[in-house]
>>> print(open('target-v8.cif').read())   # mmCIF, C-alpha atoms
data_coords
#
loop_
_atom_site.label_atom_id
_atom_site.label_comp_id
_atom_site.auth_asym_id
_atom_site.auth_seq_id
_atom_site.Cartn_x
_atom_site.Cartn_y
_atom_site.Cartn_z
CA MET P 1 89.93 31.07 -37.11
CA GLY P 2 86.22 32.14 -36.58
CA ARG P 3 84.73 30.08 -39.41
CA GLY P 4 83.22 27.27 -37.25
CA GLU P 5 85.53 24.60 -38.49
CA TRP P 6 87.56 22.19 -36.43
CA GLY P 7 90.96 20.96 -37.22
CA HIS P 8 92.23 17.50 -37.87
CA ASN P 9 92.46 14.56 -35.44
CA GLY P 10 88.77 13.51 -35.39
CA ARG P 11 87.27 17.00 -35.47
CA CYS P 12 84.58 17.85 -38.07
CA SER P 13 82.89 20.92 -39.44
CA TYR P 14 79.31 22.13 -38.88
CA ARG P 15 78.45 21.09 -42.42
CA ARG P 16 79.28 17.48 -41.74
CA ALA P 17 77.29 17.48 -38.47
CA THR P 18 74.25 18.85 -40.25
CA LEU P 19 74.54 16.17 -42.89
CA VAL P 20 74.60 13.45 -40.23
CA VAL P 21 71.51 14.80 -38.48
CA CYS P 22 69.57 15.03 -41.74
CA SER P 23 70.51 11.47 -42.61
CA VAL P 24 69.23 10.23 -39.28
CA ASN P 25 65.92 12.10 -39.78
CA VAL P 26 65.50 10.54 -43.21
CA VAL P 27 66.06 7.05 -41.80
CA VAL P 28 63.49 7.64 -39.02
CA ALA P 29 60.91 8.98 -41.50
CA VAL P 30 61.39 5.95 -43.77
CA TYR P 31 60.90 3.63 -40.76
CA VAL P 32 57.66 5.38 -39.70
CA LEU P 33 56.27 5.25 -43.23
CA ARG P 34 57.11 1.58 -43.46
CA SER P 35 55.31 0.88 -40.17
CA LEU P 36 52.19 2.73 -41.34
CA TYR P 37 52.20 0.84 -44.61
CA ALA P 38 52.48 -2.48 -42.75
CA SER P 39 49.49 -1.65 -40.52
CA LEU P 40 47.38 -0.74 -43.55
CA TYR P 41 48.36 -4.02 -45.13
CA MET P 42 47.39 -6.06 -42.04
CA TYR P 43 44.04 -4.20 -41.42
CA PRO P 44 42.55 -3.01 -44.71
CA ILE P 45 40.27 0.04 -44.54
CA GLY P 46 37.44 -1.89 -46.15
CA ASP P 47 37.39 -4.41 -43.29
CA THR P 48 37.31 -1.74 -40.57
CA LEU P 49 34.34 -0.02 -42.18
CA SER P 50 32.33 -3.20 -42.69
CA THR P 51 29.49 -3.93 -40.21
CA PHE P 52 29.88 -6.95 -37.95
CA ARG P 53 26.83 -9.21 -38.05
CA TYR P 54 25.82 -11.59 -35.26
CA THR P 55 24.39 -15.00 -36.04
CA THR P 56 20.90 -16.02 -34.89
CA ASP P 57 22.41 -18.35 -32.30
CA GLN P 58 24.60 -15.57 -30.90
CA ILE P 59 21.61 -13.20 -30.64
CA ARG P 60 19.58 -15.90 -28.85
CA LYS P 61 22.37 -16.49 -26.35
CA MET P 62 22.71 -12.76 -25.67
CA GLU P 63 18.95 -12.49 -25.06
CA GLU P 64 19.08 -15.47 -22.69
CA SER P 65 21.97 -13.83 -20.84
CA ASN P 66 19.98 -10.61 -20.43
CA GLN P 67 16.98 -12.57 -19.13
CA ILE P 68 19.16 -14.44 -16.63
CA ARG P 69 20.73 -11.18 -15.49
CA LYS P 70 17.32 -9.55 -14.98
CA ALA P 71 15.97 -12.63 -13.19
CA SER P 72 18.94 -12.60 -10.83
CA GLU P 73 18.27 -9.03 -9.75
CA PRO P 74 16.99 -8.94 -6.13
CA THR P 75 13.76 -7.11 -7.00
CA GLU P 76 12.01 -8.15 -3.77
CA LEU P 77 14.93 -6.87 -1.72
CA ILE P 78 14.97 -3.60 -3.68
CA ASN P 79 11.23 -3.11 -3.11
CA LEU P 80 11.63 -3.92 0.58
CA VAL P 81 14.46 -1.40 0.95
CA THR P 82 12.39 1.24 -0.90
CA GLN P 83 9.41 0.68 1.40
CA LEU P 84 11.70 0.80 4.43
CA LYS P 85 13.16 4.11 3.27
CA LYS P 86 9.66 5.56 2.83
CA LYS P 87 8.66 4.35 6.28
CA LEU P 88 11.79 5.84 7.85
CA THR P 89 11.12 9.11 6.04
CA ARG P 90 7.58 9.21 7.42
CA GLU P 91 8.82 8.41 10.92
CA GLU P 92 11.38 11.19 10.71
CA GLY P 93 8.61 13.59 9.67
CA VAL P 94 6.52 12.88 12.78
CA VAL P 95 7.21 15.35 15.57
CA GLU P 96 7.56 13.90 19.07
CA LEU P 97 5.32 15.68 21.58
CA PRO P 98 5.68 15.70 25.35
CA GLN P 99 3.22 13.44 27.13
CA HIS P 100 1.11 16.28 28.57
CA LEU P 101 0.68 17.85 25.10
CA ARG P 102 -0.27 14.51 23.57
CA GLN P 103 -2.91 14.05 26.23
CA LYS P 104 -4.23 17.57 25.76
CA LEU P 105 -4.62 17.18 21.98
CA THR P 106 -6.19 13.73 22.36
CA ASP P 107 -8.79 15.10 24.79
CA GLU P 108 -9.67 17.93 22.41
CA ILE P 109 -10.14 15.50 19.50
CA LEU P 110 -12.37 13.26 21.62
CA ASN P 111 -14.46 16.25 22.68
CA ARG P 112 -14.89 17.22 19.04
CA LEU P 113 -16.05 13.70 18.16
CA ARG P 114 -18.47 13.62 21.10
CA SER P 115 -20.13 16.72 19.70
CA LEU P 116 -21.13 14.81 16.56
CA ASP P 117 -24.43 13.03 16.14
CA SER P 118 -24.40 9.43 17.39
CA ALA P 119 -25.23 8.20 13.87
CA ALA P 120 -22.25 9.97 12.26
CA ASN P 121 -20.33 7.74 9.88
CA THR P 122 -16.56 7.49 9.49
CA THR P 123 -16.48 10.11 6.73
CA GLU P 124 -18.15 12.69 8.99
CA GLN P 125 -15.80 11.77 11.83
CA ARG P 126 -12.73 12.23 9.63
CA GLU P 127 -14.03 15.61 8.40
CA ALA P 128 -14.62 16.74 11.98
CA VAL P 129 -11.09 15.80 13.02
CA GLU P 130 -9.58 17.47 9.93
CA THR P 131 -11.54 20.66 10.70
CA TRP P 132 -10.20 20.60 14.25
CA ARG P 133 -6.63 20.18 12.94
CA ARG P 134 -6.90 23.17 10.58
CA GLU P 135 -8.41 25.37 13.31
CA LYS P 136 -5.74 24.36 15.84
CA LEU P 137 -2.96 24.97 13.30
CA ARG P 138 -4.25 28.49 12.53
CA GLU P 139 -4.50 29.17 16.25
CA ALA P 140 -0.91 28.04 16.88
CA ASN P 141 0.43 30.13 13.96
CA LYS P 142 -1.29 33.25 15.31
CA ILE P 143 0.30 32.72 18.73
CA ILE P 144 3.71 32.26 17.08
CA ARG P 145 3.26 35.65 15.35
CA GLY P 146 2.69 37.24 18.75
CA LYS P 147 -1.07 37.63 18.72
CA THR P 148 -2.87 37.34 22.04
CA LEU P 149 -5.68 34.80 21.97
CA ASN P 150 -7.96 33.13 24.48
CA SER P 151 -6.44 29.74 23.72
CA THR P 152 -5.51 26.52 25.48
CA ILE P 153 -2.13 26.67 23.71
CA LEU P 154 0.68 28.29 25.68
CA PRO P 155 3.13 30.51 23.74
CA LYS P 156 6.03 28.16 24.50
CA GLU P 157 3.99 25.21 23.14
CA ALA P 158 2.77 26.88 19.94
CA GLY P 159 5.88 26.10 17.88
CA ILE P 160 6.01 22.37 18.49
CA ILE P 161 2.23 21.99 18.10
CA ALA P 162 2.35 23.81 14.75
CA ARG P 163 5.17 21.55 13.53
CA ALA P 164 3.30 18.44 14.68
CA LEU P 165 0.07 19.43 12.93
CA LYS P 166 1.96 20.24 9.72
CA SER P 167 3.70 16.84 9.65
CA ASP P 168 2.26 13.58 8.33
CA TRP P 169 -1.16 13.76 9.96
CA THR P 170 -1.96 10.06 9.54
CA GLU P 171 1.21 8.98 11.30
CA PHE P 172 0.78 11.68 13.93
CA ALA P 173 -2.78 10.55 14.66
CA ILE P 174 -1.53 7.01 15.16
CA GLU P 175 1.11 8.36 17.54
CA LEU P 176 -1.70 9.93 19.55
CA GLY P 177 -3.41 6.54 19.67
CA PHE P 178 -6.19 7.80 17.42
CA TRP P 179 -7.26 6.29 14.09
CA ILE P 180 -10.42 6.38 11.98
CA PRO P 181 -10.68 3.74 9.23
CA VAL P 182 -11.39 4.74 5.67
CA ALA P 183 -15.06 4.38 4.80
CA ILE P 184 -15.75 1.12 2.97
CA ILE P 185 -18.35 1.35 0.22
CA ASN P 186 -19.90 -1.98 -0.73
CA ARG P 187 -21.75 -2.07 -4.03
CA GLU P 188 -23.87 -4.97 -5.18
CA HIS P 189 -23.79 -5.89 -8.85
CA ASP P 190 -27.36 -6.15 -10.15
CA ASP P 191 -27.79 -7.80 -13.54
CA LYS P 192 -31.32 -9.18 -13.07
CA PRO P 193 -33.87 -8.44 -15.84
CA ASP P 194 -36.57 -5.90 -15.12
CA GLY P 195 -39.68 -7.35 -13.52
CA GLU P 196 -37.95 -10.45 -12.12
CA ASP P 197 -38.20 -11.03 -8.39
CA GLU P 198 -35.04 -10.01 -6.60
CA PHE P 199 -34.58 -13.30 -4.75
CA ASP P 200 -36.02 -15.86 -7.18
CA LYS P 201 -33.98 -19.07 -7.57
CA GLU P 202 -30.97 -17.66 -5.74
CA ILE P 203 -28.50 -20.40 -4.73
CA LEU P 204 -25.73 -20.13 -2.20
CA PRO P 205 -22.23 -21.04 -3.42
CA GLY P 206 -20.79 -24.32 -2.20
CA LYS P 207 -22.51 -27.11 -0.36
CA GLN P 208 -26.08 -26.25 0.61
CA PRO P 209 -26.94 -26.03 4.33
CA PRO P 210 -29.23 -28.79 5.63
CA PRO P 211 -32.77 -27.98 6.91
CA GLU P 212 -31.65 -27.84 10.57
CA CYS P 213 -29.47 -24.80 9.72
CA ASN P 214 -32.61 -22.76 8.87
CA ALA P 215 -30.59 -20.71 6.38
CA GLU P 216 -32.18 -17.38 5.42
CA LEU P 217 -30.79 -15.43 2.46
CA HIS P 218 -30.24 -11.67 2.79
CA THR P 219 -30.69 -11.82 6.55
CA ASP P 220 -28.62 -10.49 9.45
CA TYR P 221 -29.44 -11.74 12.97
CA ASP P 222 -28.30 -10.02 16.13
CA GLY P 223 -26.61 -11.70 19.09
CA ALA P 224 -23.54 -11.81 21.33
CA ALA P 225 -20.53 -13.07 19.39
CA VAL P 226 -19.03 -16.29 20.71
CA ARG P 227 -16.62 -16.44 17.75
CA TRP P 228 -15.58 -13.33 15.80
CA GLY P 229 -15.95 -13.65 12.06
CA LEU P 230 -13.06 -11.28 11.33
CA THR P 231 -10.65 -14.14 12.10
CA HIS P 232 -13.06 -17.03 11.50
CA HIS P 233 -13.55 -17.79 7.80
CA LYS P 234 -15.37 -20.76 6.28
CA GLU P 235 -15.63 -22.01 2.69
CA SER P 236 -19.43 -21.96 2.59
CA ALA P 237 -22.60 -21.24 4.54
CA TYR P 238 -22.83 -24.99 5.17
CA ASP P 239 -19.43 -24.98 6.89
CA CYS P 240 -20.40 -21.94 8.94
CA CYS P 241 -23.59 -23.62 10.14
CA MET P 242 -21.68 -26.80 11.01
CA ALA P 243 -19.19 -24.71 13.01
CA CYS P 244 -22.08 -23.27 15.01
CA LEU P 245 -23.55 -26.73 15.72
CA ASN P 246 -20.14 -28.09 16.73
CA HIS P 247 -19.53 -25.12 19.01
CA ALA P 248 -22.84 -25.78 20.78
CA LYS P 249 -21.95 -29.46 21.28
CA GLN P 250 -18.46 -28.73 22.62
CA ALA P 251 -19.34 -25.76 24.84
CA LYS P 252 -18.92 -26.18 28.58
CA PRO P 253 -21.96 -25.88 30.85
CA ASP P 254 -21.03 -22.34 31.92
CA GLN P 255 -20.34 -21.15 28.35
CA LYS P 256 -22.74 -19.60 25.86
CA LYS P 257 -23.67 -22.03 23.11
CA CYS P 258 -23.86 -20.87 19.51
CA ASN P 259 -27.45 -20.77 18.26
CA VAL P 260 -27.10 -18.08 15.56
CA TRP P 261 -24.70 -18.16 12.61
CA VAL P 262 -24.12 -15.28 10.19
CA TYR P 263 -22.11 -15.79 6.97
CA CYS P 264 -20.82 -13.45 4.23
CA PRO P 265 -21.13 -15.16 0.79
CA SER P 266 -20.42 -12.04 -1.30
CA GLU P 267 -17.06 -11.94 -3.07
CA THR P 268 -16.96 -8.15 -2.69
CA GLY P 269 -17.53 -8.28 1.07
CA CYS P 270 -20.56 -7.55 3.24
CA TYR P 271 -21.76 -4.25 4.65
CA SER P 272 -22.08 -3.59 8.36
CA PRO P 273 -22.44 -0.24 10.18
CA ASP P 274 -19.39 -0.88 12.39
CA ILE P 275 -15.83 0.31 11.71
CA TYR P 276 -14.55 -2.98 10.28
CA GLU P 277 -14.20 -4.15 6.70
CA HIS P 278 -16.12 -7.41 6.45
CA LYS P 279 -14.76 -9.75 3.80
CA ASN P 280 -15.99 -12.78 1.90
CA GLN P 281 -16.37 -16.04 3.90
CA GLU P 282 -16.58 -14.39 7.31
CA CYS P 283 -18.46 -16.70 9.70
CA TRP P 284 -19.88 -15.14 12.87
CA LEU P 285 -21.07 -17.47 15.62
CA LYS P 286 -23.51 -15.82 18.04
CA TYR P 287 -25.73 -16.53 21.01
CA SER P 288 -29.08 -14.96 21.79
CA GLU P 289 -31.83 -16.09 24.14
CA THR P 290 -34.40 -14.60 21.79
CA PRO P 291 -32.78 -14.12 18.36
CA LYS P 292 -33.80 -10.85 16.73
CA LEU P 293 -33.35 -9.60 13.21
CA ASN P 294 -31.01 -6.74 12.49
CA PHE P 295 -32.01 -6.51 8.81
CA LYS P 296 -33.96 -8.62 6.35
CA ASP P 297 -33.96 -8.58 2.52
CA LYS P 298 -33.35 -4.84 1.99
CA TYR P 299 -32.02 -2.02 4.10
CA PRO P 300 -34.81 0.51 4.77
CA GLU P 301 -34.63 3.71 2.77
CA SER P 302 -34.55 5.76 5.99
CA TYR P 303 -31.54 3.75 7.13
CA ARG P 304 -29.72 4.27 3.83
CA ASP P 305 -30.39 8.01 4.06
CA SER P 306 -28.46 8.15 7.33
CA HIS P 307 -25.89 5.55 6.17
CA PRO P 308 -25.02 6.44 2.55
CA ASN P 309 -22.52 3.56 2.25
CA ALA P 310 -25.18 0.92 2.87
CA PRO P 311 -26.24 -1.13 -0.20
CA VAL P 312 -29.84 -1.81 -1.12
CA ILE P 313 -29.76 -5.58 -0.51
CA VAL P 314 -28.67 -7.17 2.76
CA PRO P 315 -25.67 -9.32 1.72
CA TRP P 316 -25.51 -11.64 4.77
CA VAL P 317 -26.89 -15.17 5.15
CA SER P 318 -28.04 -16.20 8.63
CA GLY P 319 -29.69 -19.00 10.47
CA VAL P 320 -31.04 -19.82 13.94
CA VAL P 321 -30.40 -23.39 15.12
CA SER P 322 -31.83 -25.39 17.98
CA VAL P 323 -29.31 -26.45 20.64
#
>>> encode(input="target-v8.cif", output="structure tokens")
Amino acid sequence: MGRGEWGHNGRCSYRRATLVVCSVNVVVAVYVLRSLYASLYMYPIGDTLSTFRYTTDQIRKMEESNQIRKASEPTELINLVTQLKKKLTREEGVVELPQHLRQKLTDEILNRLRSLDSAANTTEQREAVETWRREKLREANKIIRGKTLNSTILPKEAGIIARALKSDWTEFAIELGFWIPVAIINREHDDKPDGEDEFDKEILPGKQPPPECNAELHTDYDGAAVRWGLTHHKESAYDCCMACLNHAKQAKPDQKKCNVWVYCPSETGCYSPDIYEHKNQECWLKYSETPKLNFKDKYPESYRDSHPNAPVIVPWVSGVVSV
């Protein structure tokens, strides 16, 4: 009665139940093995290990697809967004100053520039301003640390001034309404043989000016500008001279008539002691009751000593016309 057997009427023993379970397991194992064998038959191992090779036409089409994909990329938009991000970053780095502090710093910078020699070039001006910035920054930092100084900076202003002077100085200077252009160095290429005259057989590019233009190579005439060359470009010295003659004909009785034209034929630009960068094909129309030379042929050595960026040869072409 405790042997784990059941009686009749559909009941079975543990031995029979175990036999049934084992039979089922055998059937399942046979089915799994059959499925694995079928998959090996459909996909042989040799095929899976073999390397797939593309045809030449397929490779060409893939390369064309890559080129089309790269060409469709909005590179200009990406560059524009990158530049915009940089600009926004610079703007965020500039500290906003109250109006009275801006005016105070501007006045100090102007006083520092007035202390320079009248012949100081842009490089000397930039160095003077940079020296002022470093001195003012050290002064503000000392006040922040609690030191008592005979300074124009108030203790409550020292923090914001120090932050402003540490930020992007170029952007901050523009915020103050103050900007000094980078010095432009014009160099003339000289490939003439030794002993040959500097100006022998030199020909202006383009159509040659007629005799009434009185064109003079390597010459810069003075006069009051009636048309600024920065925004007035001509293809050749001939065109510049014609523009001067036409201006004189069309001028009203109460207007100054052009009688001096000055043209820049050099592809690398033309030197001038002002703050502007003078480029090729600039055409200046001027008026002068008694036209006077600024420079002729070569810049004097004494002038180049005080203006180190000046080239040896005067690059301009000028002429005085009769009106």
>>> closest_residue(input="target-v8.cif", among="P:Asn25, P:Ser65, P:Asn280, P:Gln103", to="His232 (chain P)", atoms="all atoms listed in the file")
P:Asn280
>>> residues_around(input="target-v8.cif", residues="Arg112 (chain P)", least_positions_apart="2", cutoff="8 Å", atoms="all atoms listed in the file", output="PDB file with C-alpha atoms, in the frame of the given file")
ATOM      1  CA  GLU P 108      -9.670  17.930  22.410  1.00  0.00           C
ATOM      2  CA  ILE P 109     -10.140  15.500  19.500  1.00  0.00           C
ATOM      3  CA  LEU P 110     -12.370  13.260  21.620  1.00  0.00           C
ATOM      4  CA  ARG P 114     -18.470  13.620  21.100  1.00  0.00           C
ATOM      5  CA  SER P 115     -20.130  16.720  19.700  1.00  0.00           C
ATOM      6  CA  LEU P 116     -21.130  14.810  16.560  1.00  0.00           C
ATOM      7  CA  ALA P 128     -14.620  16.740  11.980  1.00  0.00           C
ATOM      8  CA  VAL P 129     -11.090  15.800  13.020  1.00  0.00           C
ATOM      9  CA  TRP P 132     -10.200  20.600  14.250  1.00  0.00           C
TER      10      TRP P 132
END
>>> atom_distance(input="target-v8.cif", atom1="CA of Asp220 (chain P)", atom2="CA of Gln125 (chain P)")
25.8 Å
>>> atom_distance(input="target-v8.cif", atom1="CA of Trp316 (chain P)", atom2="CA of Val262 (chain P)")
6.7 Å
>>> resolve_selection(input="target-v8.cif", expression="the PyMOL selection byres ((chain P and resi 236-245) around 7)", output="NGL selection string")
:P and (205-209 or 213 or 234-235 or 246-249 or 258-259 or 261 or 263 or 281 or 283 or 285)
>>> atom_distance(input="target-v8.cif", atom1="CA of Arg138 (chain P)", atom2="CA of Arg102 (chain P)")
18.3 Å
>>> resolve_selection(input="target-v8.cif", expression="the PyMOL selection byres ((chain P and resi 269) around 7)", output="list in words")
Asn186, Cys264, Ser266, Glu267, Thr268, Cys270, Tyr271, His278, Lys279 and Asn280 of chain P
>>> write_last_selection(input="target-v8.cif", atoms="C-alpha atoms", output="short mmCIF file (atom, residue, chain, number, x, y, z; two decimals), in the frame of the given file")
data_model
loop_
_atom_site.label_atom_id
_atom_site.label_comp_id
_atom_site.auth_asym_id
_atom_site.auth_seq_id
_atom_site.Cartn_x
_atom_site.Cartn_y
_atom_site.Cartn_z
CA ASN P 186 -19.90 -1.98 -0.73
CA CYS P 264 -20.82 -13.45 4.23
CA SER P 266 -20.42 -12.04 -1.30
CA GLU P 267 -17.06 -11.94 -3.07
CA THR P 268 -16.96 -8.15 -2.69
CA CYS P 270 -20.56 -7.55 3.24
CA TYR P 271 -21.76 -4.25 4.65
CA HIS P 278 -16.12 -7.41 6.45
CA LYS P 279 -14.76 -9.75 3.80
CA ASN P 280 -15.99 -12.78 1.90
#
>>> closest_residue(input="target-v8.cif", among="P:Ile275, P:Val312, P:Cys22, P:Leu165", to="Leu97 (chain P)", atoms="all atoms listed in the file")
P:Leu165
>>> closest_residue(input="target-v8.cif", among="P:Ala224, P:Ser118, P:Thr18, P:Ala251", to="Thr290 (chain P)", atoms="all atoms listed in the file")
P:Ala224
>>> resolve_selection(input="target-v8.cif", expression="the PyMOL selection byres ((chain P and resi 321) around 7)", output="short mmCIF file (atom, residue, chain, number, x, y, z; two decimals) with C-alpha atoms, in the frame of the given file")
data_model
loop_
_atom_site.label_atom_id
_atom_site.label_comp_id
_atom_site.auth_asym_id
_atom_site.auth_seq_id
_atom_site.Cartn_x
_atom_site.Cartn_y
_atom_site.Cartn_z
CA GLU P 212 -31.65 -27.84 10.57
CA CYS P 213 -29.47 -24.80 9.72
CA ASN P 214 -32.61 -22.76 8.87
CA ASN P 259 -27.45 -20.77 18.26
CA VAL P 260 -27.10 -18.08 15.56
CA GLY P 319 -29.69 -19.00 10.47
CA VAL P 320 -31.04 -19.82 13.94
CA SER P 322 -31.83 -25.39 17.98
CA VAL P 323 -29.31 -26.45 20.64
#
>>> closest_residue(input="target-v8.cif", among="P:Lys166, P:His218, P:Lys85, P:His100", to="Lys298 (chain P)", atoms="only C-alpha atoms")
P:His218
>>> residues_near_point(input="target-v8.cif", point="(-28.5, 9.0, 9.6)", cutoff="7 Å", atoms="only C-alpha atoms", output="short mmCIF file (atom, residue, chain, number, x, y, z; two decimals) with C-alpha atoms, keeping the file's coordinate frame")
data_model
loop_
_atom_site.label_atom_id
_atom_site.label_comp_id
_atom_site.auth_asym_id
_atom_site.auth_seq_id
_atom_site.Cartn_x
_atom_site.Cartn_y
_atom_site.Cartn_z
CA ALA P 119 -25.23 8.20 13.87
CA ALA P 120 -22.25 9.97 12.26
CA TYR P 303 -31.54 3.75 7.13
CA ASP P 305 -30.39 8.01 4.06
CA SER P 306 -28.46 8.15 7.33
CA HIS P 307 -25.89 5.55 6.17
#
>>> residues_around(input="target-v8.cif", residues="region 292-296 of chain P", least_positions_apart="6", cutoff="8 Å", atoms="only C-alpha atoms", output="ChimeraX atom specification")
/P:218-223,314
